[in-house]
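run_4.cif follows; it contains mmCIF, C-alpha atoms.
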```cif
data_structure
#
loop_
_atom_site.label_atom_id
_atom_site.label_comp_id
_atom_site.auth_asym_id
_atom_site.auth_seq_id
_atom_site.Cartn_x
_atom_site.Cartn_y
_atom_site.Cartn_z
CA MET A 1 0.00 0.00 0.00
CA ASN A 2 1.24 3.51 -0.70
CA PRO A 3 1.52 6.05 2.13
CA HIS A 4 -2.00 7.35 1.59
CA GLY A 5 -3.42 3.93 2.40
CA HIS A 6 -4.60 3.41 -1.14
CA ASP A 7 -4.04 -0.10 -2.28
CA HIS A 8 -3.91 -0.71 -5.98
CA ALA A 9 -3.31 -4.46 -5.66
CA ARG A 10 -5.52 -6.73 -7.70
CA SER A 11 -6.87 -10.11 -6.69
CA PRO A 12 -4.29 -12.60 -7.91
CA ASP A 13 -6.77 -14.65 -9.86
CA ALA A 14 -8.39 -11.56 -11.39
CA GLY A 15 -5.18 -10.75 -13.24
CA ASP A 16 -5.98 -8.02 -15.70
CA ALA A 17 -9.63 -7.77 -14.70
CA MET A 18 -11.33 -5.30 -12.44
CA PRO A 19 -11.56 -6.29 -8.78
CA SER A 20 -14.83 -7.72 -7.54
CA TYR A 21 -17.65 -5.69 -6.04
CA TYR A 22 -16.65 -6.94 -2.59
CA GLU A 23 -12.98 -6.09 -3.03
CA ILE A 24 -14.09 -2.57 -3.94
CA MET A 25 -16.28 -2.54 -0.83
CA GLU A 26 -13.40 -3.73 1.38
CA THR A 27 -11.06 -1.07 0.01
CA SER A 28 -13.70 1.62 0.38
CA VAL A 29 -14.61 0.73 3.97
CA ARG A 30 -10.93 0.60 4.94
CA GLU A 31 -10.09 3.93 3.27
CA LEU A 32 -13.10 5.66 4.84
CA LEU A 33 -12.19 4.38 8.31
CA VAL A 34 -8.61 5.59 7.80
CA GLU A 35 -9.83 9.00 6.57
CA LYS A 36 -12.04 9.30 9.65
CA GLN A 37 -9.01 8.35 11.76
CA LEU A 38 -10.81 5.43 13.36
CA ILE A 39 -8.00 3.11 12.25
CA SER A 40 -4.69 3.69 10.52
CA ALA A 41 -3.28 2.19 7.34
CA GLY A 42 -0.22 1.24 9.37
CA GLU A 43 -2.30 -0.91 11.70
CA ILE A 44 -3.70 -2.86 8.77
CA ARG A 45 -0.23 -3.32 7.27
CA ARG A 46 1.14 -4.52 10.59
CA MET A 47 -1.79 -6.87 11.15
CA LEU A 48 -1.18 -8.43 7.73
CA GLU A 49 2.41 -9.10 8.78
CA VAL A 50 1.21 -10.63 12.05
CA MET A 51 -1.19 -12.88 10.15
CA ASP A 52 1.45 -13.93 7.62
CA SER A 53 3.75 -14.99 10.44
CA ARG A 54 1.22 -17.53 11.75
CA THR A 55 1.23 -20.73 9.72
CA PRO A 56 0.95 -24.45 10.44
CA ALA A 57 4.77 -24.57 10.58
CA LEU A 58 4.51 -22.66 13.85
CA GLY A 59 2.13 -25.26 15.26
CA SER A 60 4.42 -28.07 14.10
CA LYS A 61 7.33 -26.55 16.00
CA LEU A 62 5.17 -26.20 19.10
CA VAL A 63 4.14 -29.84 18.93
CA ALA A 64 7.70 -31.03 18.31
CA ARG A 65 8.88 -29.05 21.33
CA ALA A 66 6.18 -30.67 23.45
CA TRP A 67 7.24 -34.10 22.21
CA VAL A 68 10.89 -33.65 23.18
CA ASP A 69 10.47 -31.61 26.37
CA PRO A 70 8.15 -33.26 28.95
CA GLU A 71 8.16 -30.22 31.25
CA PHE A 72 7.16 -27.91 28.39
CA ARG A 73 4.50 -30.42 27.45
CA ALA A 74 3.10 -30.30 30.98
CA ARG A 75 3.04 -26.49 30.93
CA LEU A 76 1.38 -26.51 27.50
CA LEU A 77 -1.37 -28.83 28.72
CA ALA A 78 -1.88 -26.82 31.93
CA ASN A 79 -2.08 -23.40 30.24
CA GLY A 80 -1.85 -23.36 26.48
CA ARG A 81 -1.62 -19.62 25.99
CA ALA A 82 1.11 -19.09 28.60
CA ALA A 83 3.23 -21.89 27.13
CA CYS A 84 2.80 -20.49 23.61
CA GLU A 85 3.84 -17.07 24.85
CA GLU A 86 7.08 -18.64 26.12
CA LEU A 87 7.85 -19.28 22.44
CA GLY A 88 6.78 -15.79 21.41
CA ILE A 89 3.40 -16.83 19.99
CA SER A 90 1.23 -13.92 21.04
CA PHE A 91 -2.55 -14.10 21.32
CA PHE A 92 -5.28 -11.51 20.75
CA GLU A 93 -7.52 -10.10 23.44
CA ASP A 94 -9.00 -12.56 25.96
CA THR A 95 -8.40 -15.64 23.85
CA GLN A 96 -7.43 -18.71 25.81
CA LEU A 97 -5.93 -21.90 24.47
CA ILE A 98 -6.59 -25.44 25.62
CA VAL A 99 -4.18 -27.94 24.10
CA LEU A 100 -5.81 -31.34 23.74
CA GLU A 101 -3.58 -34.34 24.11
CA ASN A 102 -4.32 -37.33 21.89
CA THR A 103 -3.42 -40.61 23.59
CA ASP A 104 -3.87 -44.33 23.05
CA LYS A 105 -7.28 -43.95 24.69
CA ILE A 106 -8.50 -40.55 23.47
CA HIS A 107 -8.67 -38.88 20.05
CA ASN A 108 -9.66 -35.21 19.87
CA LEU A 109 -10.91 -33.20 16.94
CA LEU A 110 -11.92 -29.54 16.57
CA VAL A 111 -14.90 -27.85 15.00
CA CYS A 112 -16.95 -24.68 15.26
CA THR A 113 -20.63 -25.33 14.51
CA LEU A 114 -21.69 -21.73 15.06
CA CYS A 115 -19.05 -19.98 12.94
CA SER A 116 -15.38 -20.77 12.23
CA CYS A 117 -13.42 -20.48 15.48
CA TYR A 118 -9.93 -21.88 14.90
CA PRO A 119 -6.52 -21.43 16.58
CA ARG A 120 -5.46 -18.75 14.07
CA GLU A 121 -2.80 -17.26 16.31
CA ILE A 122 -0.87 -20.51 15.89
CA LEU A 123 -2.00 -22.08 12.63
CA GLY A 124 -2.98 -19.04 10.55
CA LEU A 125 -6.13 -19.08 8.44
CA PRO A 126 -8.20 -22.28 8.30
CA PRO A 127 -8.82 -24.41 5.20
CA ASP A 128 -12.15 -23.85 3.43
CA TRP A 129 -13.49 -27.30 4.28
CA TYR A 130 -13.28 -26.48 8.00
CA LYS A 131 -15.61 -23.50 7.47
CA LEU A 132 -18.09 -25.16 5.12
CA LYS A 133 -21.33 -26.90 6.01
CA PRO A 134 -20.52 -30.61 5.66
CA TYR A 135 -17.63 -30.63 8.15
CA ARG A 136 -19.37 -28.37 10.62
CA VAL A 137 -22.59 -30.41 10.52
CA ARG A 138 -21.08 -33.88 10.64
CA ALA A 139 -18.08 -33.46 12.97
CA VAL A 140 -20.36 -33.21 16.02
CA LYS A 141 -22.84 -35.81 14.78
CA GLU A 142 -20.70 -38.56 13.28
CA PRO A 143 -17.05 -37.78 14.02
CA ARG A 144 -15.86 -41.30 13.23
CA ALA A 145 -17.36 -41.16 9.73
CA VAL A 146 -15.79 -37.73 9.21
CA LEU A 147 -12.41 -39.02 10.36
CA ALA A 148 -12.74 -42.00 8.05
CA GLU A 149 -13.31 -39.63 5.11
CA PHE A 150 -9.95 -38.10 5.99
CA GLY A 151 -8.45 -41.57 6.04
CA THR A 152 -8.26 -41.73 9.83
CA VAL A 153 -9.79 -44.80 11.42
CA ILE A 154 -10.25 -44.73 15.19
CA PRO A 155 -10.66 -48.13 16.92
CA ASP A 156 -13.80 -48.66 19.01
CA ASP A 157 -11.87 -48.80 22.27
CA VAL A 158 -10.56 -45.26 21.71
CA GLU A 159 -12.79 -42.41 22.86
CA VAL A 160 -13.46 -39.68 20.29
CA ARG A 161 -13.88 -36.18 21.73
CA VAL A 162 -15.32 -33.46 19.54
CA ASN A 163 -14.47 -29.95 20.75
CA ASP A 164 -16.95 -27.30 19.55
CA SER A 165 -15.69 -23.72 20.14
CA THR A 166 -18.29 -21.21 21.30
CA ALA A 167 -16.52 -18.64 23.46
CA MET A 168 -13.02 -17.31 24.15
CA VAL A 169 -11.34 -20.71 24.38
CA ARG A 170 -9.55 -22.01 21.28
CA TYR A 171 -8.16 -25.49 20.91
CA LEU A 172 -5.14 -27.18 19.36
CA VAL A 173 -4.74 -30.93 19.13
CA LEU A 174 -1.42 -32.30 20.37
CA PRO A 175 -1.09 -35.39 18.17
CA GLN A 176 0.62 -38.54 19.40
CA ARG A 177 4.27 -38.84 18.52
CA PRO A 178 4.66 -41.57 15.90
CA PRO A 179 6.52 -44.71 17.04
CA HIS A 180 10.15 -45.36 16.06
CA THR A 181 11.04 -41.66 16.09
CA GLU A 182 13.28 -41.75 19.16
CA ASN A 183 16.30 -40.67 17.13
CA PHE A 184 14.58 -37.90 15.20
CA SER A 185 15.75 -34.33 15.74
CA GLU A 186 13.22 -31.71 16.85
CA GLU A 187 13.25 -30.34 13.30
CA GLN A 188 12.58 -33.76 11.83
CA LEU A 189 9.75 -34.29 14.31
CA ALA A 190 8.18 -30.94 13.36
CA SER A 191 8.12 -32.03 9.70
CA LEU A 192 5.86 -34.94 10.69
CA VAL A 193 3.18 -32.68 12.16
CA THR A 194 0.59 -31.52 9.64
CA ARG A 195 -2.10 -28.90 10.04
CA ASP A 196 -4.72 -31.63 9.74
CA ALA A 197 -3.13 -33.51 12.65
CA MET A 198 -3.43 -30.38 14.80
CA ILE A 199 -7.12 -30.07 13.86
CA GLY A 200 -7.46 -33.72 14.74
CA VAL A 201 -8.70 -35.11 11.43
CA ALA A 202 -5.39 -36.87 10.83
CA ARG A 203 -2.63 -38.47 12.85
CA ALA A 204 1.03 -37.47 12.72
CA THR A 205 2.79 -40.23 10.80
CA VAL A 206 6.20 -41.01 9.36
CA PRO A 207 5.73 -40.86 5.57
CA MET B 1 -42.80 -24.88 17.38
CA THR B 2 -44.31 -23.42 14.22
CA GLN B 3 -42.36 -23.17 11.02
CA THR B 4 -41.84 -19.42 11.27
CA GLU B 5 -40.52 -19.47 14.87
CA ASN B 6 -37.97 -21.96 13.64
CA LEU B 7 -36.63 -19.33 11.24
CA LEU B 8 -35.81 -17.08 14.19
CA GLN B 9 -34.64 -19.61 16.74
CA ARG B 10 -32.16 -21.31 14.48
CA LEU B 11 -29.62 -18.95 12.93
CA PRO B 12 -28.81 -19.52 9.25
CA THR B 13 -25.13 -19.83 10.14
CA GLU B 14 -25.64 -22.55 12.75
CA MET B 15 -24.65 -25.99 11.52
CA GLY B 16 -25.07 -28.36 14.47
CA GLY B 17 -27.82 -30.96 14.12
CA LEU B 18 -28.45 -30.68 10.39
CA ASP B 19 -27.79 -33.18 7.61
CA ALA B 20 -24.98 -32.89 5.10
CA GLY B 21 -23.16 -34.85 2.43
CA PRO B 22 -19.51 -35.77 1.98
CA ILE B 23 -16.77 -33.33 2.88
CA GLN B 24 -15.12 -31.74 -0.14
CA ARG B 25 -11.52 -31.17 0.83
CA VAL B 26 -11.47 -27.74 -0.77
CA GLU B 27 -8.90 -25.14 0.05
CA HIS B 28 -7.97 -21.98 -1.77
CA GLU B 29 -5.14 -19.53 -1.56
CA TYR B 30 -6.57 -16.46 0.16
CA ALA B 31 -6.80 -13.42 -2.15
CA PRO B 32 -5.04 -10.26 -0.91
CA TRP B 33 -8.37 -8.52 -0.36
CA GLU B 34 -9.56 -11.42 1.79
CA LYS B 35 -6.48 -11.21 3.98
CA ARG B 36 -6.97 -7.42 4.19
CA CYS B 37 -10.57 -8.05 5.21
CA HIS B 38 -9.40 -10.37 7.97
CA ALA B 39 -6.77 -7.83 9.06
CA LEU B 40 -9.52 -5.20 9.14
CA ALA B 41 -11.65 -7.45 11.37
CA ASN B 42 -8.78 -7.90 13.82
CA VAL B 43 -8.02 -4.17 13.95
CA LEU B 44 -11.71 -3.30 14.40
CA ASP B 45 -11.89 -5.80 17.28
CA ILE B 46 -8.80 -4.40 19.00
CA HIS B 47 -10.39 -0.95 18.93
CA LYS B 48 -13.79 -2.42 19.78
CA ILE B 49 -15.22 -0.50 16.84
CA ILE B 50 -16.66 -3.85 15.80
CA SER B 51 -15.94 -6.63 18.30
CA THR B 52 -15.54 -10.20 17.10
CA GLU B 53 -18.89 -11.05 18.65
CA GLU B 54 -20.57 -8.11 16.89
CA LYS B 55 -19.09 -9.34 13.64
CA ARG B 56 -20.50 -12.83 14.22
CA ARG B 57 -23.93 -11.41 14.96
CA GLY B 58 -23.66 -9.15 11.91
CA VAL B 59 -22.98 -12.14 9.67
CA GLU B 60 -25.88 -14.05 11.26
CA SER B 61 -28.16 -11.09 10.53
CA LEU B 62 -27.56 -11.25 6.79
CA GLY B 63 -30.22 -13.94 6.49
CA SER B 64 -30.09 -17.29 4.77
CA GLU B 65 -30.32 -16.11 1.15
CA ILE B 66 -27.32 -13.80 1.36
CA ASP B 67 -25.51 -16.25 3.63
CA GLY B 68 -25.90 -18.94 0.99
CA ALA B 69 -24.92 -16.77 -1.97
CA LEU B 70 -21.89 -14.86 -0.68
CA THR B 71 -18.47 -16.27 0.11
CA TYR B 72 -16.93 -16.12 3.58
CA TYR B 73 -15.18 -12.73 3.40
CA GLU B 74 -17.90 -11.24 1.20
CA ARG B 75 -20.26 -11.86 4.12
CA TRP B 76 -17.82 -10.22 6.52
CA ILE B 77 -17.41 -6.99 4.56
CA VAL B 78 -21.17 -6.59 4.07
CA ALA B 79 -21.70 -7.24 7.79
CA PHE B 80 -19.06 -4.60 8.61
CA ALA B 81 -20.76 -2.04 6.39
CA ASN B 82 -24.14 -2.71 8.02
CA ILE B 83 -22.75 -2.45 11.56
CA LEU B 84 -20.85 0.75 10.76
CA PHE B 85 -24.08 2.25 9.39
CA GLN B 86 -25.97 1.21 12.54
CA LYS B 87 -23.29 2.80 14.71
CA GLN B 88 -23.45 5.95 12.59
CA LEU B 89 -19.75 5.74 11.84
CA LEU B 90 -20.46 5.60 8.11
CA THR B 91 -23.48 6.40 6.02
CA PRO B 92 -24.68 4.33 3.06
CA GLY B 93 -24.20 7.42 0.88
CA GLU B 94 -20.57 7.83 1.91
CA LEU B 95 -19.80 4.21 1.18
CA ALA B 96 -21.54 4.31 -2.19
CA GLN B 97 -19.62 7.43 -3.23
CA LYS B 98 -16.31 5.98 -2.09
CA MET B 99 -16.98 2.73 -3.96
CA ASP B 100 -17.60 4.72 -7.14
CA GLN B 101 -14.34 6.61 -6.63
CA VAL B 102 -12.35 3.44 -5.92
CA GLU B 103 -13.81 1.70 -8.94
CA ALA B 104 -13.05 4.69 -11.19
CA ARG B 105 -9.51 4.94 -9.85
CA TRP B 106 -8.85 1.26 -10.49
CA SER B 107 -10.35 1.48 -13.92
CA ARG B 108 -8.02 4.38 -14.78
CA ASP B 109 -5.00 2.54 -13.38
CA LEU B 110 -5.83 -0.61 -15.32
CA GLN B 111 -6.26 1.42 -18.50
CA LYS B 112 -2.89 3.11 -17.92
CA GLU B 113 -1.24 -0.26 -17.30
CA ARG B 114 -2.70 -1.71 -20.48
CA THR B 115 -1.55 1.27 -22.55
CA GLU B 116 1.97 1.10 -21.09
CA ARG B 117 2.15 -2.62 -21.77
CA VAL B 118 1.17 -2.07 -25.40
CA ARG B 119 3.92 0.53 -25.81
CA ALA B 120 6.58 -1.62 -24.14
CA MET C 1 -5.46 -19.47 33.20
CA SER C 2 -7.89 -22.17 32.29
CA GLU C 3 -8.03 -24.15 35.57
CA GLY C 4 -7.87 -21.43 38.23
CA LEU C 5 -4.23 -22.15 39.00
CA GLY C 6 -2.65 -19.80 41.48
CA ARG C 7 -5.76 -19.11 43.57
CA ALA C 8 -5.20 -18.45 47.26
CA LEU C 9 -5.43 -21.68 49.21
CA LYS C 10 -6.32 -19.97 52.49
CA PRO C 11 -8.42 -16.89 51.93
CA LEU C 12 -8.15 -14.13 54.50
CA PRO C 13 -11.27 -13.82 56.67
CA ASN C 14 -14.11 -11.31 56.35
CA ILE C 15 -13.68 -10.53 52.67
CA VAL C 16 -16.98 -10.07 50.84
CA LYS C 17 -16.85 -10.88 47.15
CA ALA C 18 -18.80 -9.15 44.42
CA GLU C 19 -21.90 -10.91 43.24
CA ARG C 20 -21.17 -13.95 41.07
CA GLU C 21 -17.40 -13.87 41.49
CA ASP C 22 -17.35 -17.44 42.75
CA PRO C 23 -18.35 -20.06 40.22
CA LEU C 24 -21.76 -21.66 40.79
CA PHE C 25 -20.53 -25.05 39.62
CA LYS C 26 -17.36 -27.05 39.99
CA ALA C 27 -15.64 -29.82 38.06
CA GLY C 28 -17.62 -33.04 38.37
CA ASP C 29 -21.02 -31.39 38.82
CA ASN C 30 -23.89 -32.71 36.72
CA VAL C 31 -25.68 -29.92 34.87
CA LYS C 32 -28.45 -29.43 32.37
CA ILE C 33 -28.47 -26.83 29.61
CA ALA C 34 -31.60 -24.68 29.65
CA MET C 35 -34.40 -25.09 27.11
CA ARG C 36 -34.45 -21.46 26.07
CA PHE C 37 -34.74 -20.16 22.52
CA PRO C 38 -33.43 -16.61 22.25
CA ILE C 39 -33.62 -14.85 18.93
CA GLY C 40 -31.13 -12.29 17.58
CA HIS C 41 -27.91 -13.88 18.76
CA PHE C 42 -26.77 -16.78 20.91
CA ARG C 43 -23.67 -18.86 21.51
CA VAL C 44 -25.31 -22.01 22.85
CA PRO C 45 -26.08 -24.22 19.84
CA ASN C 46 -29.61 -25.60 19.49
CA TYR C 47 -28.33 -29.17 19.48
CA ILE C 48 -27.29 -29.05 23.16
CA ARG C 49 -30.37 -27.29 24.55
CA GLY C 50 -32.02 -29.28 27.29
CA LYS C 51 -29.22 -31.84 27.33
CA ARG C 52 -27.37 -33.12 30.37
CA GLY C 53 -23.63 -33.11 30.87
CA ARG C 54 -20.86 -32.98 33.41
CA VAL C 55 -18.66 -30.02 34.22
CA GLU C 56 -15.13 -30.94 33.20
CA ALA C 57 -13.54 -27.62 34.15
CA VAL C 58 -14.33 -24.10 35.31
CA ILE C 59 -12.88 -21.54 32.89
CA GLU C 60 -11.09 -18.71 34.71
CA PRO C 61 -11.33 -15.78 34.92
CA PRO C 62 -15.04 -14.89 34.83
CA ALA C 63 -16.05 -12.94 31.74
CA VAL C 64 -18.81 -10.86 30.22
CA ASN C 65 -21.64 -12.81 28.56
CA ASN C 66 -20.53 -13.05 24.94
CA GLU C 67 -24.14 -13.21 23.79
CA ASP C 68 -24.58 -9.64 25.04
CA GLU C 69 -21.37 -8.62 23.24
CA GLY C 70 -23.03 -9.42 19.94
CA PHE C 71 -24.91 -6.16 20.17
CA GLY C 72 -21.99 -4.08 21.39
CA ARG C 73 -22.24 -4.45 25.15
CA ASN C 74 -18.77 -5.10 26.58
CA ALA C 75 -19.34 -4.58 30.28
CA GLY C 76 -21.57 -6.04 32.94
CA VAL C 77 -21.53 -8.66 35.64
CA LYS C 78 -18.87 -11.22 34.81
CA ARG C 79 -19.68 -14.88 35.31
CA HIS C 80 -17.97 -18.13 34.52
CA TYR C 81 -17.88 -20.31 31.47
CA TYR C 82 -17.77 -24.05 32.00
CA ARG C 83 -16.19 -26.68 29.84
CA LEU C 84 -18.83 -29.40 29.66
CA ALA C 85 -18.58 -33.06 28.70
CA ILE C 86 -21.72 -34.40 26.99
CA PRO C 87 -21.90 -37.96 25.63
CA LEU C 88 -22.73 -38.08 21.93
CA THR C 89 -25.41 -40.69 22.77
CA GLU C 90 -27.13 -37.97 24.85
CA LEU C 91 -27.15 -35.63 21.83
CA TRP C 92 -28.02 -38.05 19.03
CA PRO C 93 -30.52 -40.86 19.67
CA LYS C 94 -29.16 -42.86 16.75
CA TYR C 95 -25.47 -42.29 17.46
CA GLY C 96 -23.56 -45.18 15.91
CA GLY C 97 -20.11 -44.75 17.39
CA SER C 98 -18.72 -45.72 20.78
CA SER C 99 -20.85 -44.87 23.82
CA ASN C 100 -17.71 -43.26 25.28
CA ASP C 101 -17.56 -40.67 22.51
CA GLY C 102 -18.34 -37.17 23.70
CA LEU C 103 -18.63 -33.48 23.02
CA ARG C 104 -16.63 -30.84 24.83
CA ILE C 105 -18.10 -27.36 24.71
CA GLU C 106 -17.92 -24.11 26.69
CA VAL C 107 -21.22 -22.78 28.07
CA PHE C 108 -21.91 -19.59 30.04
CA GLU C 109 -23.17 -19.93 33.60
CA THR C 110 -26.60 -18.37 32.95
CA TRP C 111 -27.49 -21.31 30.68
CA LEU C 112 -26.83 -24.01 33.28
CA GLU C 113 -28.92 -25.63 36.03
CA ARG C 114 -27.92 -28.28 38.47
CA SER C 115 -29.11 -31.68 37.24
#
```
Can you present the structure in this file as structure tokens?
Amino acid sequence: MNPHGHDHARSPDAGDAMPSYYEIMETSVRELLVEKQLISAGEIRRMLEVMDSRTPALGSKLVARAWVDPEFRARLLANGRAACEELGISFFEDTQLIVLENTDKIHNLLVCTLCSCYPREILGLPPDWYKLKPYRVRAVKEPRAVLAEFGTVIPDDVEVRVNDSTAMVRYLVLPQRPPHTENFSEEQLASLVTRDAMIGVARATVP
Amino acid sequence: MTQTENLLQRLPTEMGGLDAGPIQRVEHEYAPWEKRCHALANVLDIHKIISTEEKRRGVESLGSEIDGALTYYERWIVAFANILFQKQLLTPGELAQKMDQVEARWSRDLQKERTERVRA
Amino acid sequence: MSEGLGRALKPLPNIVKAEREDPLFKAGDNVKIAMRFPIGHFRVPNYIRGKRGRVEAVIEPPAVNNEDEGFGRNAGVKRHYYRLAIPLTELWPKYGGSSNDGLRIEVFETWLERS
């Protein structure tokens, strides 16, 4: 954006075409709010940088750290936000974080049936399927069938817990560490942790 | 519960308890304007100009037809406009005028770009 | 702090707390979600209304009712949210998975009754 807050960027898929009605609306609302000094262009720029710095890679590193450091793991499970802040992962406003440990007996998955709550401060923006109707309807009703569609089969003696966000608490699944990874470095371990494993629709596996 | 009460007591955005088909594993790369829209939401929440909860309620208020037809961030920006009007921070006239100006400005810039590309 | 860690173990005597500062429920309590049907905005999904569950944890600190925040209110008496455990068999009569499968969901104090 240039110093006046005007942004002449196009939508990437629009190419040479005019931006959509809604992109024009977004630009107009933003510029009006800046002109009225209710927000500043700098705040938007900075927020974009904050958002870009939060990706699943951050979550993978968090999980890998919890796998190798039992005391960090305990702190992460006791108070998710405080443990994240140890690693510099800041949170907005009153958001809290509960990290959900998957074990041999319990498999957690996340959903938001009312809107699209998601641990964005760690993982960044969610995939479309997480925000669309089929996942949000069926995750609370038939989680095992949903997991199976993702290729994840949970045995009957394992309890499935569906976590539906409604308030200021966000969740992150701490997947189980795959077996035979005792000699993996923390970096190698992080590469095993996918976004889908931290949502709980997949397990962390050695490829 | 009559049919019409059901329209009020169940929000169009609420998904628990319905029926749905298979999950399409769709993902898309977020367009710059969508990320800017999300950044705007976060900044508005920090200032409590539009809190996150107000945004949610604003999206719920769009009604099922608009909710079904618009994409995720399209719903957000329309909800923001409505809430800003209600709070008397913007007027519909101001927004309409600004949208005309922005569209005209982009149109001019695109035209300039096309002309320069032809010359190059 | 999600579990109230760090609270004083031995409170000093004669301190009167503001209304509603202490949670009404504690972990392990059996509760029922109210059968209420507000219009306009709510954060308790229809599918859990009237259902029974168990309090798994008290969320600290107390907070403003987020349903009120939907219309711009950001102050008022703060009360607790509770993380509830509700079996999926309680929610869905025809649930086909394990009877141990459950929902975890946060609900504001004003929606809960002792069960």
(request) For chain B, work out the contacting residues on chain C at 12 Å, counting all atoms listed in the file, and write them as a VMD selection string. (result) chain C and resid 35 to 49 64 to 74 88 91 to 93 103
The residues within 7 Å of (-6.5, -7.5, 11.6), using only C-alpha atoms and the coordinates of the file, should be reported as a PDB file with C-alpha atoms, keeping the file's coordinate frame; which are they?
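Result file is result.pdb:
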```pdb
ATOM      1  CA  ILE A  44      -3.700  -2.860   8.770  1.00  0.00           C
ATOM      2  CA  MET A  47      -1.790  -6.870  11.150  1.00  0.00           C
ATOM      3  CA  LEU A  48      -1.180  -8.430   7.730  1.00  0.00           C
TER       4      LEU A  48
ATOM      5  CA  HIS B  38      -9.400 -10.370   7.970  1.00  0.00           C
ATOM      6  CA  ALA B  39      -6.770  -7.830   9.060  1.00  0.00           C
ATOM      7  CA  LEU B  40      -9.520  -5.200   9.140  1.00  0.00           C
ATOM      8  CA  ALA B  41     -11.650  -7.450  11.370  1.00  0.00           C
ATOM      9  CA  ASN B  42      -8.780  -7.900  13.820  1.00  0.00           C
ATOM     10  CA  VAL B  43      -8.020  -4.170  13.950  1.00  0.00           C
TER      11      VAL B  43
END
```
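Closest approach to Glu26 (chain A) among B:Glu74, B:Asp19, B:Glu65, B:Glu27 is made by B:Glu74 (distances from all atoms listed in the file).
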Residues matched by the PyMOL selection byres ((chain A and resi 20) around 10), written as an mmCIF file with C-alpha atoms, keeping the file's coordinate frame:
```cif
data_model
loop_
_atom_site.group_PDB
_atom_site.id
_atom_site.type_symbol
_atom_site.label_atom_id
_atom_site.label_comp_id
_atom_site.auth_asym_id
_atom_site.auth_seq_id
_atom_site.Cartn_x
_atom_site.Cartn_y
_atom_site.Cartn_z
ATOM 1 C CA ARG A 10 -5.520 -6.730 -7.700
ATOM 2 C CA SER A 11 -6.870 -10.110 -6.690
ATOM 3 C CA ALA A 14 -8.390 -11.560 -11.390
ATOM 4 C CA ALA A 17 -9.630 -7.770 -14.700
ATOM 5 C CA MET A 18 -11.330 -5.300 -12.440
ATOM 6 C CA PRO A 19 -11.560 -6.290 -8.780
ATOM 7 C CA TYR A 21 -17.650 -5.690 -6.040
ATOM 8 C CA TYR A 22 -16.650 -6.940 -2.590
ATOM 9 C CA GLU A 23 -12.980 -6.090 -3.030
ATOM 10 C CA ILE A 24 -14.090 -2.570 -3.940
ATOM 11 C CA MET A 25 -16.280 -2.540 -0.830
ATOM 12 C CA GLU A 26 -13.400 -3.730 1.380
ATOM 13 C CA TRP B 33 -8.370 -8.520 -0.360
ATOM 14 C CA GLU B 74 -17.900 -11.240 1.200
ATOM 15 C CA GLU B 103 -13.810 1.700 -8.940
#
```
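We find CA of Glu31 (chain A) and CA of Gln88 (chain B) to be spaced 16.4 Å apart.
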(request) Could you please select, counting all atoms listed in the file, the residues of chain A within 9 Å of chain C and state them as a ChimeraX atom specification? (result) /A:78-82,96-98,113-114,140-145,156-169
Could you give me, as CSV, every chain B residue with an atom at most 9 Å from chain A, plus its closest atom pair and distance in Å to one decimal, counting all atoms listed in the file, rows ordered by chain then number?
```
residue,atom,partner,partner_atom,distance
B:Leu11,CA,A:Leu114,CA,8.7
B:Thr13,CA,A:Leu114,CA,6.3
B:Glu14,CA,A:Leu114,CA,4.6
B:Met15,CA,A:Val137,CA,5.0
B:Gly16,CA,A:Val137,CA,5.1
B:Gly17,CA,A:Val137,CA,6.4
B:Leu18,CA,A:Val137,CA,5.9
B:Asp19,CA,A:Val137,CA,6.6
B:Ala20,CA,A:Pro134,CA,5.0
B:Gly21,CA,A:Pro134,CA,5.9
B:Pro22,CA,A:Pro134,CA,6.4
B:Ile23,CA,A:Pro134,CA,5.4
B:Gln24,CA,A:Trp129,CA,6.5
B:Arg25,CA,A:Trp129,CA,5.5
B:Val26,CA,A:Trp129,CA,5.5
B:Glu27,CA,A:Asp128,CA,4.9
B:His28,CA,A:Asp128,CA,6.9
B:Tyr30,CA,A:Leu125,CA,8.7
B:Ala31,CA,A:Ser11,CA,5.6
B:Pro32,CA,A:Ser11,CA,6.1
B:Trp33,CA,A:Glu23,CA,5.9
B:Glu34,CA,A:Glu23,CA,8.0
B:Lys35,CA,A:Leu48,CA,7.1
B:Arg36,CA,A:Leu48,CA,6.9
B:Cys37,CA,A:Glu26,CA,6.4
B:His38,CA,A:Leu48,CA,8.4
B:Ala39,CA,A:Met47,CA,5.5
B:Leu40,CA,A:Ile44,CA,6.3
B:Asn42,CA,A:Met47,CA,7.6
B:Val43,CA,A:Ile44,CA,6.9
B:Leu44,CA,A:Ile39,CA,7.7
B:Asp45,CA,A:Glu93,CA,8.7
B:Ile46,CA,A:Glu93,CA,7.3
B:His47,CA,A:Ile39,CA,8.2
B:Ile49,CA,A:Leu38,CA,8.2
B:Arg56,CA,A:Cys115,CA,7.4
B:Tyr72,CA,A:Lys131,CA,8.4
B:Tyr73,CA,A:Tyr22,CA,8.5
B:Glu74,CA,A:Tyr22,CA,5.9
B:Ile77,CA,A:Glu26,CA,6.1
B:Val78,CA,A:Met25,CA,8.0
B:Phe80,CA,A:Val29,CA,8.4
B:Ala81,CA,A:Val29,CA,7.2
B:Leu89,CA,A:Leu33,CA,8.5
B:Leu90,CA,A:Leu32,CA,8.1
B:Glu94,CA,A:Leu32,CA,8.3
B:Leu95,CA,A:Ser28,CA,6.7
B:Ala96,CA,A:Ser28,CA,8.7
B:Lys98,CA,A:Ser28,CA,5.7
B:Met99,CA,A:Ser28,CA,5.6
B:Asp100,CA,A:Ile24,CA,8.7
B:Gln101,CA,A:Ser28,CA,8.6
B:Val102,CA,A:Ile24,CA,6.6
B:Glu103,CA,A:Ile24,CA,6.6
B:Arg105,CA,A:His8,CA,8.8
B:Trp106,CA,A:His8,CA,7.0
B:Ser107,CA,A:Met18,CA,7.0
B:Asp109,CA,A:His8,CA,8.2
B:Leu110,CA,A:Asp16,CA,7.4
B:Arg114,CA,A:Asp16,CA,8.6
```
